[in-house]
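J.: Okay, so here is target-v4.cif, and as you'll see once you scroll down, it has mmCIF, C-alpha atoms.
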```cif
data_input
loop_
_atom_site.label_atom_id
_atom_site.label_comp_id
_atom_site.auth_asym_id
_atom_site.auth_seq_id
_atom_site.Cartn_x
_atom_site.Cartn_y
_atom_site.Cartn_z
CA ALA A 1 -62.42 185.85 178.67
CA GLN A 2 -59.45 188.10 178.18
CA LYS A 3 -56.91 187.61 180.94
CA VAL A 4 -54.98 190.78 180.11
CA THR A 5 -56.75 193.86 178.81
CA GLN A 6 -55.24 197.00 177.35
CA THR A 7 -58.07 199.41 176.65
CA GLN A 8 -56.02 202.08 174.88
CA THR A 9 -55.54 201.14 171.26
CA SER A 10 -53.31 204.08 170.43
CA ILE A 11 -51.83 207.14 172.12
CA SER A 12 -49.99 210.15 170.73
CA VAL A 13 -47.81 212.36 172.92
CA MET A 14 -45.36 215.17 172.40
CA GLU A 15 -41.70 214.39 172.79
CA LYS A 16 -40.24 214.83 176.30
CA THR A 17 -43.59 214.45 178.01
CA THR A 18 -44.80 211.63 180.27
CA VAL A 19 -47.22 208.95 179.12
CA THR A 20 -49.12 206.27 181.02
CA MET A 21 -50.43 203.11 179.41
CA ASP A 22 -53.10 201.10 181.16
CA CYS A 23 -53.34 197.36 181.68
CA VAL A 24 -55.71 195.30 183.80
CA TYR A 25 -55.43 191.60 184.35
CA GLU A 26 -57.48 188.78 185.73
CA THR A 27 -56.16 185.92 187.84
CA GLN A 28 -57.14 183.75 190.77
CA ASP A 29 -53.54 182.99 191.65
CA SER A 30 -52.00 184.54 194.73
CA SER A 31 -48.62 184.74 193.02
CA TYR A 32 -48.20 185.99 189.48
CA PHE A 33 -45.81 188.00 187.38
CA LEU A 34 -46.45 190.98 185.15
CA PHE A 35 -44.32 192.12 182.24
CA TRP A 36 -44.22 194.94 179.74
CA TYR A 37 -42.72 194.51 176.31
CA LYS A 38 -42.23 196.89 173.41
CA GLN A 39 -42.58 195.83 169.78
CA THR A 40 -40.82 198.00 167.24
CA ALA A 41 -41.90 198.61 163.67
CA SER A 42 -39.61 195.81 162.50
CA GLY A 43 -41.47 193.36 164.74
CA GLU A 44 -38.75 192.96 167.31
CA ILE A 45 -40.06 192.51 170.86
CA VAL A 46 -38.00 193.96 173.66
CA PHE A 47 -38.49 193.22 177.36
CA LEU A 48 -38.81 196.45 179.33
CA ILE A 49 -39.80 195.89 182.94
CA ARG A 50 -41.58 193.48 185.25
CA GLN A 51 -43.47 193.45 188.51
CA ASP A 52 -43.75 190.45 190.81
CA SER A 53 -47.13 190.36 192.52
CA TYR A 54 -45.68 189.87 196.00
CA LYS A 55 -43.57 193.02 195.78
CA LYS A 56 -45.16 196.20 197.08
CA GLU A 57 -42.69 198.61 195.54
CA ASN A 58 -43.33 199.72 192.00
CA ALA A 59 -40.60 198.59 189.62
CA THR A 60 -38.46 201.19 187.85
CA VAL A 61 -35.95 200.70 185.04
CA GLY A 62 -34.46 203.73 183.36
CA HIS A 63 -37.27 205.97 182.17
CA TYR A 64 -39.84 203.18 182.58
CA SER A 65 -41.77 202.71 185.79
CA LEU A 66 -44.85 200.82 186.82
CA ASN A 67 -47.95 201.81 188.72
CA PHE A 68 -48.98 198.56 190.36
CA GLN A 69 -52.41 198.70 191.98
CA LYS A 70 -53.01 195.18 193.18
CA PRO A 71 -56.55 195.69 194.55
CA LYS A 72 -57.57 196.97 191.13
CA SER A 73 -55.62 194.28 189.24
CA SER A 74 -53.92 197.05 187.37
CA ILE A 75 -50.36 197.48 186.14
CA GLY A 76 -49.81 200.74 184.31
CA LEU A 77 -46.60 201.55 182.43
CA ILE A 78 -45.25 205.07 182.82
CA ILE A 79 -42.68 206.44 180.40
CA THR A 80 -41.11 209.73 181.42
CA ALA A 81 -39.28 212.13 179.09
CA THR A 82 -40.50 210.29 176.02
CA GLN A 83 -38.26 210.11 172.97
CA ILE A 84 -39.04 209.59 169.30
CA GLU A 85 -37.60 206.10 169.49
CA ASP A 86 -40.19 205.18 172.12
CA SER A 87 -42.73 205.04 169.30
CA ALA A 88 -43.78 201.38 169.22
CA VAL A 89 -46.52 199.00 170.30
CA TYR A 90 -46.45 198.20 174.01
CA PHE A 91 -47.69 194.89 175.32
CA CYS A 92 -48.62 193.98 178.84
CA ALA A 93 -48.26 190.30 179.77
CA MET A 94 -48.98 188.12 182.75
CA ARG A 95 -47.64 184.77 183.77
CA GLU A 96 -49.47 182.74 186.39
CA GLY A 97 -49.61 179.25 187.75
CA LEU A 98 -47.36 176.41 186.85
CA GLY A 99 -48.30 175.73 183.26
CA TYR A 100 -45.71 176.77 180.74
CA GLN A 101 -48.26 178.07 178.29
CA ASN A 102 -49.82 180.37 180.84
CA PHE A 103 -48.27 183.53 179.50
CA TYR A 104 -51.03 185.93 178.52
CA PHE A 105 -50.62 189.04 176.42
CA GLY A 106 -52.79 192.07 175.99
CA LYS A 107 -53.54 193.32 172.49
CA GLY A 108 -51.13 196.20 172.74
CA THR A 109 -51.15 199.98 172.81
CA SER A 110 -49.58 201.83 169.91
CA LEU A 111 -47.56 204.82 171.08
CA THR A 112 -46.58 207.63 168.75
CA VAL A 113 -44.16 210.25 170.04
CA ILE A 114 -44.43 213.49 168.10
CA PRO A 115 -41.34 215.68 167.76
CA ASN B 1 -31.20 194.05 172.73
CA SER B 2 -32.41 190.56 172.05
CA LYS B 3 -29.83 187.82 171.79
CA VAL B 4 -32.32 185.37 170.38
CA ILE B 5 -31.66 184.81 166.69
CA GLN B 6 -34.39 183.89 164.25
CA THR B 7 -34.04 183.07 160.57
CA PRO B 8 -35.26 183.82 158.04
CA ARG B 9 -36.82 187.17 158.81
CA TYR B 10 -39.29 186.79 155.96
CA LEU B 11 -40.74 183.67 154.35
CA VAL B 12 -43.16 183.44 151.44
CA LYS B 13 -44.80 180.14 150.63
CA GLY B 14 -47.65 178.82 148.54
CA GLN B 15 -50.52 176.93 150.08
CA GLY B 16 -49.59 173.34 150.71
CA GLN B 17 -45.87 174.05 150.86
CA LYS B 18 -43.68 173.41 153.85
CA ALA B 19 -42.49 176.43 155.78
CA LYS B 20 -39.52 176.10 158.09
CA MET B 21 -38.08 178.66 160.47
CA ARG B 22 -35.23 178.50 162.92
CA CYS B 23 -34.32 179.92 166.29
CA ILE B 24 -31.12 180.07 168.30
CA PRO B 25 -31.98 180.84 171.92
CA GLU B 26 -29.97 183.15 174.09
CA LYS B 27 -26.85 181.43 175.39
CA GLY B 28 -27.53 179.60 178.61
CA HIS B 29 -31.30 179.56 178.15
CA PRO B 30 -32.59 175.99 178.18
CA VAL B 31 -36.24 176.87 177.63
CA VAL B 32 -37.61 177.88 174.24
CA PHE B 33 -41.11 179.02 173.35
CA TRP B 34 -42.79 179.51 169.98
CA TYR B 35 -45.67 181.93 169.55
CA GLN B 36 -47.76 183.01 166.60
CA GLN B 37 -48.74 186.67 166.45
CA ASN B 38 -51.56 187.49 164.04
CA LYS B 39 -52.34 190.76 162.30
CA ASN B 40 -54.56 191.77 165.25
CA ASN B 41 -51.53 191.57 167.57
CA GLU B 42 -52.90 188.51 169.30
CA PHE B 43 -50.34 186.03 170.59
CA LYS B 44 -50.95 182.31 170.45
CA PHE B 45 -48.69 179.93 172.32
CA LEU B 46 -47.65 177.03 170.07
CA ILE B 47 -45.08 174.87 171.80
CA ASN B 48 -42.19 174.99 174.21
CA PHE B 49 -39.09 172.97 174.96
CA GLN B 50 -36.67 172.44 177.73
CA ASN B 51 -33.45 171.53 176.00
CA GLN B 52 -34.56 168.87 173.52
CA GLU B 53 -37.78 167.86 175.27
CA VAL B 54 -41.23 169.12 174.33
CA LEU B 55 -42.99 170.41 177.44
CA GLN B 56 -46.33 171.57 176.11
CA GLN B 57 -47.97 172.15 172.76
CA ILE B 58 -51.41 173.00 171.53
CA ASP B 59 -53.50 170.71 169.30
CA MET B 60 -52.80 172.70 166.16
CA THR B 61 -49.10 172.35 166.66
CA GLU B 62 -49.35 168.66 167.27
CA LYS B 63 -51.30 168.08 164.07
CA ARG B 64 -49.81 170.40 161.50
CA PHE B 65 -46.50 171.58 162.82
CA SER B 66 -43.30 169.80 163.59
CA ALA B 67 -40.80 171.33 165.94
CA GLU B 68 -37.56 170.33 167.52
CA CYS B 69 -34.64 171.69 169.50
CA PRO B 70 -31.75 169.32 168.78
CA SER B 71 -28.61 169.47 170.82
CA ASN B 72 -26.01 171.86 169.40
CA SER B 73 -28.30 172.92 166.54
CA PRO B 74 -30.90 175.65 166.11
CA CYS B 75 -34.44 174.98 167.19
CA SER B 76 -36.89 174.78 164.32
CA LEU B 77 -40.59 175.09 163.68
CA GLU B 78 -41.99 173.72 160.45
CA ILE B 79 -45.49 173.91 159.08
CA GLN B 80 -46.04 170.74 157.11
CA SER B 81 -48.63 172.09 154.70
CA SER B 82 -49.06 175.86 154.84
CA GLU B 83 -52.50 177.42 154.84
CA ALA B 84 -53.47 181.04 154.22
CA GLY B 85 -54.43 181.35 157.88
CA ASP B 86 -50.87 180.56 158.89
CA SER B 87 -49.72 183.95 157.63
CA ALA B 88 -48.41 185.61 160.77
CA LEU B 89 -45.32 186.62 162.71
CA TYR B 90 -43.71 183.60 164.36
CA LEU B 91 -41.85 184.51 167.50
CA CYS B 92 -39.30 182.47 169.34
CA ALA B 93 -38.56 183.32 172.94
CA SER B 94 -36.06 181.85 175.35
CA SER B 95 -35.99 181.81 179.11
CA PRO B 96 -33.35 181.00 181.71
CA GLY B 97 -35.65 178.57 183.47
CA LEU B 98 -39.02 176.97 183.84
CA LEU B 99 -40.20 178.94 186.78
CA ASN B 100 -43.13 181.18 186.11
CA GLN B 101 -41.23 184.22 187.25
CA ASP B 102 -38.60 183.78 184.56
CA THR B 103 -38.69 186.47 181.91
CA GLN B 104 -39.02 185.43 178.30
CA TYR B 105 -36.76 187.14 175.78
CA PHE B 106 -37.95 187.31 172.22
CA GLY B 107 -36.24 187.07 168.89
CA PRO B 108 -37.07 189.40 165.98
CA GLY B 109 -39.53 186.91 164.50
CA THR B 110 -40.09 185.26 161.15
CA ARG B 111 -42.86 186.86 159.14
CA LEU B 112 -44.61 184.19 157.10
CA LEU B 113 -46.83 185.00 154.16
CA VAL B 114 -48.78 182.15 152.63
CA LEU B 115 -50.11 183.06 149.20
#
```
Turn the structure described in the file into structure tokens.
T.:
Amino acid sequence: AQKVTQTQTSISVMEKTTVTMDCVYETQDSSYFLFWYKQTASGEIVFLIRQDSYKKENATVGHYSLNFQKPKSSIGLIITATQIEDSAVYFCAMREGLGYQNFYFGKGTSLTVIP
Amino acid sequence: NSKVIQTPRYLVKGQGQKAKMRCIPEKGHPVVFWYQQNKNNEFKFLINFQNQEVLQQIDMTEKRFSAECPSNSPCSLEIQSSEAGDSALYLCASSPGLLNQDTQYFGPGTRLLVL
């Protein structure tokens, strides 16, 4: 079963608008950690933002913010004032438990920002 | 921007040939992970190290890959006898620690094509 699910395969938005990308996860652990990464066309993966499950406040970094809805096991990424260079594939990831290989990725959402 | 260095960026090999790629983790990061990302954007954990010690690896890695992180030298991942199904993006990530809340930072990847 997929531990991390991103249902949106691709999204297109106009430049300077706000976009939300969905991610739901599945875990039995009481403590877990959620991450969003961006993969550019060259393949480079950049860490964007994270949310620790025990924190109630939604994380914000620059023009990235998270919509953490713990009861729904959901961690949406919100990008405000999108720019052309935000065009990339966005991955949601979760780390749980104590095993080092327990880092699960979604399949990604491709974002295209239209000028 | 990522401070994890991976070389080469592209690698083309024939079936049965050895394929070797290298990774220099971010300075001060003792933990290194290798992942394989296929054309469907799926990530597969391969192996990880703390300093020179292997922590975990999957069966495939144990049988067909050799990997090491020698002291004062780049980490390396080598496929002993390449197969067409090994064509993928190989990602190295480093982390400041072993705790599950530690963020992983990725290198740009080595794109392997096995003809």
J.: Closest to Thr109 in chain A among A:Ile79, A:Ala41, A:Val61, A:Met21, using all atoms listed in the file?
T.: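 Ranking A:Ile79, A:Ala41, A:Val61, A:Met21 by distance to Thr109 in chain A, first place goes to A:Met21.
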J.: Determine, using only C-alpha atoms, which residues of chain A have any atom at most 12 Å from an atom of chain B, and tabulate each with its shortest atom pair and distance in Å to one decimal place, rows ordered by chain and then rising number, as a tab-separated table.
T.:
```
residue	atom	partner	partner_atom	distance
A:Gln2	CA	B:Glu42	CA	11.0
A:Val4	CA	B:Glu42	CA	11.2
A:Thr5	CA	B:Glu42	CA	11.6
A:Gln6	CA	B:Asn41	CA	11.8
A:Thr9	CA	B:Asn41	CA	11.0
A:Asp29	CA	B:Asn100	CA	11.9
A:Ser31	CA	B:Gln101	CA	9.4
A:Tyr32	CA	B:Gln101	CA	7.5
A:Phe33	CA	B:Gln101	CA	5.9
A:Leu34	CA	B:Gln101	CA	8.8
A:Phe35	CA	B:Thr103	CA	8.0
A:Trp36	CA	B:Thr103	CA	10.3
A:Tyr37	CA	B:Tyr105	CA	9.5
A:Lys38	CA	B:Phe106	CA	10.6
A:Gln39	CA	B:Pro108	CA	9.3
A:Thr40	CA	B:Pro108	CA	9.5
A:Ala41	CA	B:Pro108	CA	10.7
A:Ser42	CA	B:Pro108	CA	7.7
A:Gly43	CA	B:Pro108	CA	6.0
A:Glu44	CA	B:Pro108	CA	4.2
A:Ile45	CA	B:Phe106	CA	5.8
A:Val46	CA	B:Ser2	CA	6.7
A:Phe47	CA	B:Tyr105	CA	6.5
A:Leu48	CA	B:Tyr105	CA	10.2
A:Ile49	CA	B:Thr103	CA	9.5
A:Arg50	CA	B:Thr103	CA	8.3
A:Gln51	CA	B:Gln101	CA	9.6
A:Asp52	CA	B:Gln101	CA	7.6
A:Ser53	CA	B:Gln101	CA	10.0
A:Tyr54	CA	B:Gln101	CA	11.3
A:Val89	CA	B:Asn41	CA	9.4
A:Tyr90	CA	B:Asn41	CA	10.5
A:Phe91	CA	B:Asn41	CA	9.3
A:Cys92	CA	B:Phe43	CA	11.6
A:Ala93	CA	B:Phe43	CA	10.3
A:Met94	CA	B:Asn100	CA	9.7
A:Arg95	CA	B:Asn100	CA	6.2
A:Glu96	CA	B:Asn100	CA	6.5
A:Gly97	CA	B:Asn100	CA	7.0
A:Leu98	CA	B:Asn100	CA	6.4
A:Gly99	CA	B:Asn100	CA	8.0
A:Tyr100	CA	B:Gln56	CA	7.0
A:Gln101	CA	B:Phe45	CA	6.3
A:Asn102	CA	B:Asn100	CA	8.6
A:Phe103	CA	B:Phe45	CA	8.0
A:Tyr104	CA	B:Phe43	CA	8.0
A:Phe105	CA	B:Phe43	CA	6.6
A:Gly106	CA	B:Glu42	CA	7.6
A:Lys107	CA	B:Asn41	CA	5.6
A:Gly108	CA	B:Asn41	CA	7.0
A:Thr109	CA	B:Asn41	CA	9.9
A:Ser110	CA	B:Asn41	CA	10.7
```
J.: Expressed in Å to a single decimal, how great is the separation between CA of Arg22 in chain B and CA of Ser81 in chain B?
T.: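 For CA of Arg22 in chain B relative to CA of Ser81 in chain B, the distance reads 17.0 Å.
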J.: Write out as a PyMOL selection string each polymer residue whose atoms come within 9 Å of Asn67 in chain A, counting only C-alpha atoms; drop sequence neighbours fewer than 4 positions from it.
T.: chain A and resi 20+58-59+74-78
J.: Could you check which of A:Leu66, A:Lys56, A:Thr80, A:Ile114 is closest to Asp22 in chain A, using all atoms listed in the file?
T.: A:Leu66
J.: Please indicate the distance in Å from CA of Gly62 in chain A to CA of Ser87 in chain A, rounded to one decimal place.
T.: 16.4 Å
J.: Find the residues around Val114 in chain B up to 12 Å (all atoms listed in the file counted), leave out those fewer than 6 positions away in its own chain, and share them as an NGL selection string.
T.: :B and (10-19 or 79 or 81-89)
J.: Can you write just those residues out, C-alpha atoms, as an mmCIF file, in the coordinates of the input?
T.:
```
data_model
loop_
_atom_site.group_PDB
_atom_site.id
_atom_site.type_symbol
_atom_site.label_atom_id
_atom_site.label_comp_id
_atom_site.auth_asym_id
_atom_site.auth_seq_id
_atom_site.Cartn_x
_atom_site.Cartn_y
_atom_site.Cartn_z
ATOM 1 C CA TYR B 10 -39.290 186.790 155.960
ATOM 2 C CA LEU B 11 -40.740 183.670 154.350
ATOM 3 C CA VAL B 12 -43.160 183.440 151.440
ATOM 4 C CA LYS B 13 -44.800 180.140 150.630
ATOM 5 C CA GLY B 14 -47.650 178.820 148.540
ATOM 6 C CA GLN B 15 -50.520 176.930 150.080
ATOM 7 C CA GLY B 16 -49.590 173.340 150.710
ATOM 8 C CA GLN B 17 -45.870 174.050 150.860
ATOM 9 C CA LYS B 18 -43.680 173.410 153.850
ATOM 10 C CA ALA B 19 -42.490 176.430 155.780
ATOM 11 C CA ILE B 79 -45.490 173.910 159.080
ATOM 12 C CA SER B 81 -48.630 172.090 154.700
ATOM 13 C CA SER B 82 -49.060 175.860 154.840
ATOM 14 C CA GLU B 83 -52.500 177.420 154.840
ATOM 15 C CA ALA B 84 -53.470 181.040 154.220
ATOM 16 C CA GLY B 85 -54.430 181.350 157.880
ATOM 17 C CA ASP B 86 -50.870 180.560 158.890
ATOM 18 C CA SER B 87 -49.720 183.950 157.630
ATOM 19 C CA ALA B 88 -48.410 185.610 160.770
ATOM 20 C CA LEU B 89 -45.320 186.620 162.710
#
```
J.: Go ahead and compute the interatomic distance for CA of Ser94 in chain B and CA of Val4 in chain B, in Å to one decimal.
T.: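 These atoms are spaced 7.1 Å apart.
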J.: Between B:Val54, B:Ile5, B:Leu112, B:Met60, which residue has the minimum interatomic distance to Cys23 in chain B, considering only C-alpha atoms?
T.: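 Comparing B:Val54, B:Ile5, B:Leu112, B:Met60 against Cys23 in chain B, the winner is B:Ile5.
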